[in-house]
file coords-v1.cif (mmCIF, C-alpha atoms and all ligand atoms)
data_target
loop_
_atom_site.group_PDB
_atom_site.id
_atom_site.type_symbol
_atom_site.label_atom_id
_atom_site.label_comp_id
_atom_site.auth_asym_id
_atom_site.auth_seq_id
_atom_site.Cartn_x
_atom_site.Cartn_y
_atom_site.Cartn_z
ATOM 1 C CA MET L 10 83.563 103.687 91.145
ATOM 2 C CA ARG L 11 84.522 100.369 92.740
ATOM 3 C CA ASP L 12 81.986 97.720 93.684
ATOM 4 C CA ALA L 13 82.177 95.620 96.839
ATOM 5 C CA SER L 14 84.150 92.857 95.126
ATOM 6 C CA ASP L 15 87.074 95.280 94.826
ATOM 7 C CA PHE L 16 87.699 95.290 98.562
ATOM 8 C CA LEU L 17 91.063 93.610 98.209
ATOM 9 C CA ALA L 18 92.320 96.243 95.771
ATOM 10 C CA ALA L 19 90.884 99.030 97.925
ATOM 11 C CA THR L 20 92.590 97.603 101.017
ATOM 12 C CA ARG L 21 95.917 97.163 99.246
ATOM 13 C CA ASP L 22 95.821 100.673 97.774
ATOM 14 C CA PHE L 23 94.916 102.195 101.141
ATOM 15 C CA TYR L 24 97.800 100.531 102.977
ATOM 16 C CA ASP L 25 100.250 101.178 100.140
ATOM 17 C CA ALA L 26 99.394 104.887 100.465
ATOM 18 C CA ILE L 27 99.719 105.126 104.250
ATOM 19 C CA ALA L 28 102.485 102.593 104.906
ATOM 20 C CA GLU L 29 105.170 105.097 105.943
ATOM 21 C CA ASP L 30 102.698 106.955 108.194
ATOM 22 C CA TYR L 31 101.570 103.674 109.740
ATOM 23 C CA ALA L 32 105.200 102.762 110.400
ATOM 24 C CA GLU L 33 105.872 106.120 112.047
ATOM 25 C CA HIS L 34 102.765 106.175 114.263
ATOM 26 C CA LEU L 35 101.546 102.603 114.763
ATOM 27 C CA ALA L 36 104.241 100.037 114.003
ATOM 28 C CA ASP L 37 105.184 99.732 117.690
ATOM 29 C CA HIS L 38 101.598 99.385 118.928
ATOM 30 C CA LEU L 39 102.327 96.242 120.938
ATOM 31 C CA THR L 40 104.911 98.098 123.026
ATOM 32 C CA HIS L 41 102.087 100.067 124.643
ATOM 33 C CA ARG L 42 99.624 97.168 125.015
ATOM 34 C CA PRO L 43 100.793 94.670 127.643
ATOM 35 C CA LEU L 44 97.506 92.723 127.627
ATOM 36 C CA ASP L 45 97.795 92.186 123.863
ATOM 37 C CA ARG L 46 101.341 90.933 124.351
ATOM 38 C CA ALA L 47 100.124 88.608 127.100
ATOM 39 C CA LEU L 48 97.609 87.021 124.729
ATOM 40 C CA LEU L 49 100.234 86.604 122.029
ATOM 41 C CA ARG L 50 102.594 85.067 124.612
ATOM 42 C CA GLY L 51 99.935 82.589 125.703
ATOM 43 C CA PHE L 52 99.258 81.775 122.065
ATOM 44 C CA ALA L 53 102.977 81.169 121.445
ATOM 45 C CA GLU L 54 103.130 78.851 124.437
ATOM 46 C CA MET L 55 100.102 76.861 123.277
ATOM 47 C CA VAL L 56 101.434 76.534 119.714
ATOM 48 C CA GLY L 57 104.819 75.203 120.797
ATOM 49 C CA GLU L 58 106.492 73.613 117.774
ATOM 50 C CA GLY L 59 105.539 74.286 114.163
ATOM 51 C CA THR L 60 105.081 77.175 111.775
ATOM 52 C CA VAL L 61 102.784 80.114 112.460
ATOM 53 C CA ALA L 62 101.523 82.572 109.826
ATOM 54 C CA ASP L 63 100.806 86.189 110.775
ATOM 55 C CA LEU L 64 98.083 86.861 108.207
ATOM 56 C CA GLY L 65 97.682 90.553 107.376
ATOM 57 C CA CYS L 66 100.944 91.259 109.181
ATOM 58 C CA GLY L 67 101.275 94.868 108.062
ATOM 59 C CA THR L 68 104.617 96.221 109.234
ATOM 60 C CA GLY L 69 105.210 93.057 111.243
ATOM 61 C CA ALA L 70 104.518 93.977 114.881
ATOM 62 C CA ALA L 71 102.956 90.646 115.871
ATOM 63 C CA THR L 72 105.298 88.701 113.579
ATOM 64 C CA ALA L 73 108.320 90.199 115.319
ATOM 65 C CA TYR L 74 106.878 89.736 118.790
ATOM 66 C CA LEU L 75 106.118 86.055 118.140
ATOM 67 C CA GLY L 76 109.552 85.652 116.565
ATOM 68 C CA SER L 77 111.166 87.153 119.675
ATOM 69 C CA LEU L 78 109.437 84.407 121.697
ATOM 70 C CA GLY L 79 111.045 81.711 119.587
ATOM 71 C CA VAL L 80 108.045 80.992 117.368
ATOM 72 C CA ASP L 81 108.796 79.866 113.796
ATOM 73 C CA VAL L 82 106.697 82.630 112.236
ATOM 74 C CA PHE L 83 106.332 84.384 108.898
ATOM 75 C CA GLY L 84 104.190 87.323 107.822
ATOM 76 C CA LEU L 85 101.846 87.715 104.867
ATOM 77 C CA ASP L 86 100.111 90.850 103.640
ATOM 78 C CA LEU L 87 98.362 92.333 100.613
ATOM 79 C CA SER L 88 100.332 95.570 100.646
ATOM 80 C CA ALA L 89 103.811 95.652 99.092
ATOM 81 C CA SER L 90 104.558 98.921 100.891
ATOM 82 C CA MET L 91 103.629 97.542 104.316
ATOM 83 C CA LEU L 92 105.757 94.472 103.558
ATOM 84 C CA ALA L 93 108.731 96.607 102.487
ATOM 85 C CA ILE L 94 108.658 98.262 105.918
ATOM 86 C CA ALA L 95 108.222 94.914 107.680
ATOM 87 C CA ARG L 96 111.297 93.582 105.880
ATOM 88 C CA ARG L 97 113.279 96.745 106.644
ATOM 89 C CA ARG L 98 112.389 96.621 110.349
ATOM 90 C CA HIS L 99 112.732 92.860 110.739
ATOM 91 C CA PRO L 100 115.313 91.633 108.210
ATOM 92 C CA ASP L 101 115.677 88.301 109.994
ATOM 93 C CA LEU L 102 112.022 87.342 109.368
ATOM 94 C CA ARG L 103 110.232 86.083 106.255
ATOM 95 C CA PHE L 104 107.428 88.173 104.747
ATOM 96 C CA GLU L 105 105.336 87.265 101.705
ATOM 97 C CA GLN L 106 102.765 89.087 99.603
ATOM 98 C CA GLY L 107 99.338 87.544 99.123
ATOM 99 C CA SER L 108 95.717 87.477 100.193
ATOM 100 C CA MET L 109 94.716 85.561 103.273
ATOM 101 C CA LEU L 110 91.492 84.642 101.450
ATOM 102 C CA ASP L 111 93.497 82.596 98.937
ATOM 103 C CA LEU L 112 96.627 81.327 100.654
ATOM 104 C CA ALA L 113 99.424 79.594 98.743
ATOM 105 C CA ILE L 114 99.843 77.319 101.758
ATOM 106 C CA ALA L 115 99.278 73.552 101.797
ATOM 107 C CA ASP L 116 96.307 72.042 103.606
ATOM 108 C CA ALA L 117 96.843 71.245 107.299
ATOM 109 C CA SER L 118 100.421 72.549 107.270
ATOM 110 C CA LEU L 119 100.428 75.321 109.912
ATOM 111 C CA ALA L 120 100.622 74.978 113.677
ATOM 112 C CA GLY L 121 99.068 78.395 114.134
ATOM 113 C CA ALA L 122 97.638 81.467 112.429
ATOM 114 C CA VAL L 123 97.175 85.012 113.688
ATOM 115 C CA SER L 124 94.859 87.614 112.175
ATOM 116 C CA TRP L 125 95.701 90.715 114.177
ATOM 117 C CA TYR L 126 93.250 93.428 113.115
ATOM 118 C CA SER L 127 93.464 92.172 109.527
ATOM 119 C CA SER L 128 89.945 90.726 109.053
ATOM 120 C CA ILE L 129 88.525 94.217 109.631
ATOM 121 C CA HIS L 130 88.548 95.036 105.910
ATOM 122 C CA THR L 131 86.900 91.794 104.825
ATOM 123 C CA PRO L 132 83.165 92.290 104.119
ATOM 124 C CA ALA L 133 80.846 90.319 106.394
ATOM 125 C CA ALA L 134 79.698 88.189 103.460
ATOM 126 C CA GLU L 135 83.290 87.028 102.891
ATOM 127 C CA LEU L 136 84.046 86.098 106.510
ATOM 128 C CA PRO L 137 82.855 82.457 106.148
ATOM 129 C CA ALA L 138 85.294 82.023 103.243
ATOM 130 C CA LEU L 139 88.066 83.686 105.243
ATOM 131 C CA PHE L 140 87.623 81.451 108.272
ATOM 132 C CA ALA L 141 87.297 78.378 106.012
ATOM 133 C CA GLU L 142 90.682 79.293 104.525
ATOM 134 C CA PHE L 143 92.224 79.640 108.010
ATOM 135 C CA HIS L 144 90.741 76.229 108.873
ATOM 136 C CA ARG L 145 92.102 74.652 105.676
ATOM 137 C CA VAL L 146 95.736 75.637 106.285
ATOM 138 C CA LEU L 147 95.825 74.738 109.993
ATOM 139 C CA ARG L 148 96.774 71.230 110.996
ATOM 140 C CA PRO L 149 94.464 69.280 113.336
ATOM 141 C CA GLY L 150 94.914 70.826 116.764
ATOM 142 C CA GLY L 151 96.192 74.064 115.153
ATOM 143 C CA HIS L 152 95.726 77.372 116.938
ATOM 144 C CA LEU L 153 94.066 80.597 115.740
ATOM 145 C CA LEU L 154 94.045 84.109 117.188
ATOM 146 C CA VAL L 155 91.781 86.828 115.739
ATOM 147 C CA ALA L 156 91.858 90.445 116.986
ATOM 148 C CA PHE L 157 89.396 93.167 116.003
ATOM 149 C CA GLN L 158 87.526 96.238 117.203
ATOM 150 C CA VAL L 159 84.141 95.673 118.868
ATOM 151 C CA GLY L 160 81.008 97.408 117.633
ATOM 152 C CA GLU L 161 78.240 97.491 115.082
ATOM 153 C CA GLU L 162 79.115 100.283 112.681
ATOM 154 C CA PRO L 163 82.302 100.655 110.656
ATOM 155 C CA ARG L 164 84.630 103.585 111.178
ATOM 156 C CA ARG L 165 85.564 105.308 107.935
ATOM 157 C CA HIS L 166 89.154 106.532 107.673
ATOM 158 C CA ASP L 167 89.014 109.313 105.116
ATOM 159 C CA ARG L 168 92.331 110.821 103.967
ATOM 160 C CA PRO L 169 94.394 109.616 106.937
ATOM 161 C CA TRP L 170 97.557 111.670 107.401
ATOM 162 C CA GLY L 171 96.411 113.691 104.363
ATOM 163 C CA ARG L 172 96.783 110.760 101.954
ATOM 164 C CA PRO L 173 94.168 110.604 99.151
ATOM 165 C CA VAL L 174 92.570 107.303 100.231
ATOM 166 C CA VAL L 175 89.514 106.149 102.151
ATOM 167 C CA LEU L 176 88.691 102.789 103.759
ATOM 168 C CA ASP L 177 86.148 101.398 106.198
ATOM 169 C CA PHE L 178 87.379 99.673 109.354
ATOM 170 C CA GLN L 179 84.710 97.159 110.363
ATOM 171 C CA ARG L 180 83.795 96.686 114.006
ATOM 172 C CA ARG L 181 82.234 93.404 115.005
ATOM 173 C CA ARG L 182 80.434 91.640 117.820
ATOM 174 C CA PRO L 183 82.621 88.941 119.388
ATOM 175 C CA GLU L 184 79.697 86.505 119.616
ATOM 176 C CA ARG L 185 79.114 86.869 115.867
ATOM 177 C CA ILE L 186 82.765 86.121 115.084
ATOM 178 C CA ALA L 187 82.688 83.214 117.557
ATOM 179 C CA ALA L 188 79.639 81.782 115.760
ATOM 180 C CA LEU L 189 81.319 82.107 112.364
ATOM 181 C CA LEU L 190 84.457 80.400 113.668
ATOM 182 C CA GLY L 191 82.258 77.583 114.945
ATOM 183 C CA ASP L 192 80.552 77.328 111.552
ATOM 184 C CA ALA L 193 83.995 77.025 109.945
ATOM 185 C CA GLY L 194 84.815 74.053 112.187
ATOM 186 C CA PHE L 195 86.780 75.748 114.975
ATOM 187 C CA ALA L 196 86.353 75.116 118.688
ATOM 188 C CA LEU L 197 86.343 78.413 120.559
ATOM 189 C CA GLY L 198 88.892 78.547 123.373
ATOM 190 C CA SER L 199 88.490 82.056 124.725
ATOM 191 C CA THR L 200 87.001 85.471 124.096
ATOM 192 C CA THR L 201 88.871 88.424 125.588
ATOM 193 C CA VAL L 202 87.368 91.896 125.433
ATOM 194 C CA ARG L 203 89.175 94.838 126.976
ATOM 195 C CA GLU L 204 88.082 98.419 127.394
ATOM 196 C CA PRO L 205 89.436 101.014 124.964
ATOM 197 C CA ASP L 206 92.589 102.840 125.947
ATOM 198 C CA GLU L 207 91.687 106.384 124.978
ATOM 199 C CA GLN L 208 95.259 107.591 125.478
ATOM 200 C CA LEU L 209 96.212 105.252 122.654
ATOM 201 C CA GLY L 210 93.402 106.562 120.455
ATOM 202 C CA GLU L 211 91.115 103.576 120.864
ATOM 203 C CA ALA L 212 87.439 104.525 120.632
ATOM 204 C CA VAL L 213 85.788 101.135 121.204
ATOM 205 C CA PRO L 214 86.477 97.879 123.094
ATOM 206 C CA GLN L 215 89.031 95.521 121.583
ATOM 207 C CA ALA L 216 88.448 91.774 121.168
ATOM 208 C CA VAL L 217 90.782 88.821 120.774
ATOM 209 C CA LEU L 218 89.304 85.390 120.063
ATOM 210 C CA TYR L 219 91.341 82.216 120.449
ATOM 211 C CA ALA L 220 90.156 79.046 118.709
ATOM 212 C CA ARG L 221 91.485 75.638 117.749
ATOM 213 C CA LYS L 222 90.960 73.320 114.843
ATOM 214 C CA PRO L 223 89.791 70.083 116.488
ATOM 215 C CA GLY L 224 92.128 67.129 116.307
ATOM 216 C CA ALA L 225 95.412 65.917 117.692
ATOM 217 C CA SER L 226 96.593 67.767 120.753
ATOM 218 C CA ALA L 227 100.303 68.384 121.275
ATOM 219 C CA GLY L 228 99.764 70.165 124.571
ATOM 220 C CA PRO L 229 100.231 68.870 128.092
ATOM 221 C CA ALA L 230 97.355 67.045 129.774
ATOM 222 C CA GLY L 231 95.022 69.335 131.725
ATOM 223 C CA ALA L 232 94.804 69.229 135.503
HETATM 224 C C1 LIG S 1 95.084 97.431 110.613
HETATM 225 S S1 LIG S 1 96.405 96.719 109.698
HETATM 226 C C2 LIG S 1 97.096 95.614 110.922
HETATM 227 C C3 LIG S 1 98.505 95.220 110.560
HETATM 228 C C4 LIG S 1 99.214 94.329 111.588
HETATM 229 N N1 LIG S 1 98.494 93.072 111.805
HETATM 230 C C5 LIG S 1 99.436 95.064 112.895
HETATM 231 O O1 LIG S 1 98.951 94.592 113.919
HETATM 232 O O2 LIG S 1 100.110 96.082 112.863
HETATM 233 C C6 LIG S 1 95.549 95.599 108.591
HETATM 234 C C7 LIG S 1 96.505 94.849 107.648
HETATM 235 O O3 LIG S 1 95.798 93.738 107.090
HETATM 236 C C8 LIG S 1 96.149 93.624 105.747
HETATM 237 N N2 LIG S 1 95.075 92.885 105.059
HETATM 238 C C9 LIG S 1 93.755 93.184 105.030
HETATM 239 N N3 LIG S 1 93.075 92.281 104.302
HETATM 240 C C10 LIG S 1 93.997 91.373 103.875
HETATM 241 C C11 LIG S 1 93.932 90.190 103.073
HETATM 242 N N4 LIG S 1 92.767 89.765 102.543
HETATM 243 N N5 LIG S 1 95.056 89.498 102.863
HETATM 244 C C12 LIG S 1 96.243 89.920 103.368
HETATM 245 N N6 LIG S 1 96.383 91.039 104.102
HETATM 246 C C13 LIG S 1 95.274 91.751 104.360
HETATM 247 C C14 LIG S 1 96.317 95.055 105.271
HETATM 248 O O4 LIG S 1 97.071 95.138 104.070
HETATM 249 C C15 LIG S 1 97.006 95.680 106.475
HETATM 250 O O5 LIG S 1 98.404 95.613 106.384
#

call {"tool": "encode", "arguments": {"input": "coords-v1.cif", "output": "structure tokens"}}
result
Amino acid sequence: MRDASDFLAATRDFYDAIAEDYAEHLADHLTHRPLDRALLRGFAEMVGEGTVADLGCGTGAATAYLGSLGVDVFGLDLSASMLAIARRRHPDLRFEQGSMLDLAIADASLAGAVSWYSSIHTPAAELPALFAEFHRVLRPGGHLLVAFQVGEEPRRHDRPWGRPVVLDFQRRRPERIAALLGDAGFALGSTTVREPDEQLGEAVPQAVLYARKPGASAGPAGA
């Protein structure tokens, strides 16, 4: 039996097992979620120039959407099988394997980072380290977007699509994530919570937090 420190292996094994099912059923999730696309578009506009990392990119939905907006973006994920599909679907984009808790990315080198439903498998005790790593790789003024399901209790996915794997999907309170981002040195820019779209299979509200690493601003002066 695995202990809690094996969460990275458990996450990788889960997504390796379901990658083709995920691609068939969920890879186009942004197509059906105009408000999610709007937030990613606003993020792209605020980032402007510079490289963005889609951390926990899966099959590359957000990577491809940001790329289509002209963002210099690459994807990173734990799962080789998810990455194989991302590369197959988006051969013009760069995808790398790795853990977002231990990024092979230089300090202060990224203009932006996105964690689109990818922090949901990181145990609560590891979230400070995760957000510290996001903070480390972003340049001063860098932009961060974090999406996740809202709630208190995790949802266990047991044998999805008949595959012999199980994994907990954590749900979190936006104010708790906002506090942790603040502890990591980020300045919160916005919290967006939308109601679940039951037709899309969503059971709980969905949150997207936008934050910035304090420092130089490349944006236009405010009115
Ligand atoms: C729910 S999927 C979301 C995928 C993608 N962001 C999307 O919107 O379709 C979660 C993804 O996060 C990845 N992931 C989870 N923890 C990770 C970590 N520590 N480092 C890199 N990837 C991770 C998983 O392998 C999986 O592909």

call {"tool": "atom_distance", "arguments": {"input": "coords-v1.cif", "atom1": "atom CA of L:Thr60", "atom2": "atom CA of L:Lys222"}}
result
15.0 Å

call {"tool": "residues_around", "arguments": {"input": "coords-v1.cif", "residues": "stretch 38-49 of chain L", "least_positions_apart": "5", "cutoff": "8 Å", "atoms": "only C-alpha atoms", "output": "VMD selection string"}}
result
chain L and resid 70 to 71 74 to 75

call {"tool": "atom_distance", "arguments": {"input": "coords-v1.cif", "atom1": "atom CA of L:Leu218", "atom2": "atom CA of L:Ser90"}}
result
28.0 Å

call {"tool": "resolve_selection", "arguments": {"input": "coords-v1.cif", "expression": "the PyMOL selection byres (((chain L and resi 169) around 12) and not hetatm)", "output": "list in words"}}
result
Phe23, Tyr24, Ala26, Ile27, Ala28, Glu29, Asp30, Tyr31, His34, Arg165, His166, Asp167, Arg168, Trp170, Gly171, Arg172, Pro173, Val174, Val175, Leu176 and Asp177 of chain L

call {"tool": "closest_residue", "arguments": {"input": "coords-v1.cif", "among": "L:Leu112, L:Phe52, L:Val80, L:His99", "to": "ligand LIG 1 (chain S)", "atoms": "all atoms listed in the file"}}
result
L:Leu112

call {"tool": "resolve_selection", "arguments": {"input": "coords-v1.cif", "expression": "the PyMOL selection byres (((chain L and resi 217) around 9) and not hetatm)", "output": "number ranges by chain"}}
result
L: 45, 48, 125, 154-158, 183, 199-203, 215-216, 218-219

call {"tool": "closest_residue", "arguments": {"input": "coords-v1.cif", "among": "L:Leu92, L:Val56, L:Val61, L:Val146", "to": "ligand LIG 1 (chain S)", "atoms": "all atoms listed in the file"}}
result
L:Leu92

call {"tool": "residues_near_ligand", "arguments": {"input": "coords-v1.cif", "ligand": "ligand LIG 1 (chain S)", "cutoff": "8 Å", "atoms": "all atoms listed in the file", "output": "PyMOL selection string"}}
result
chain L and resi 17+20-21+23-25+35-39+63-71+85-88+91-92+106-110+124-131

call {"tool": "residues_around", "arguments": {"input": "coords-v1.cif", "residues": "L:Ile114", "least_positions_apart": "3", "cutoff": "10 Å", "atoms": "only C-alpha atoms", "output": "PDB file with C-alpha atoms, in the coordinates of the input"}}
result
ATOM      1  CA  ALA L  62     101.523  82.572 109.826  1.00  0.00           C
ATOM      2  CA  MET L 109      94.716  85.561 103.273  1.00  0.00           C
ATOM      3  CA  ASP L 111      93.497  82.596  98.937  1.00  0.00           C
ATOM      4  CA  ALA L 117      96.843  71.245 107.299  1.00  0.00           C
ATOM      5  CA  SER L 118     100.421  72.549 107.270  1.00  0.00           C
ATOM      6  CA  LEU L 119     100.428  75.321 109.912  1.00  0.00           C
ATOM      7  CA  GLU L 142      90.682  79.293 104.525  1.00  0.00           C
ATOM      8  CA  ARG L 145      92.102  74.652 105.676  1.00  0.00           C
ATOM      9  CA  VAL L 146      95.736  75.637 106.285  1.00  0.00           C
ATOM     10  CA  LEU L 147      95.825  74.738 109.993  1.00  0.00           C
TER      11      LEU L 147
END

call {"tool": "closest_residue", "arguments": {"input": "coords-v1.cif", "among": "L:Phe140, L:Leu153, L:Asp116, L:Arg98", "to": "L:Met55", "atoms": "all atoms listed in the file"}}
result
L:Leu153

call {"tool": "axis_aligned_box", "arguments": {"input": "coords-v1.cif", "around": "stretch 134-144 of chain L", "padding_each_side": "6 Å", "output": "AutoDock Vina command-line options"}}
result
--center_x 86.0 --center_y 82.2 --center_z 105.9 --size_x 24.5 --size_y 24.0 --size_z 18.0

call {"tool": "closest_residue", "arguments": {"input": "coords-v1.cif", "among": "L:Ala73, L:Ala138, L:Ala133, L:Ala113", "to": "L:Pro100", "atoms": "all atoms listed in the file"}}
result
L:Ala73

call {"tool": "atom_distance", "arguments": {"input": "coords-v1.cif", "atom1": "atom CA of L:Gly121", "atom2": "atom CA of L:Phe16"}}
result
25.6 Å
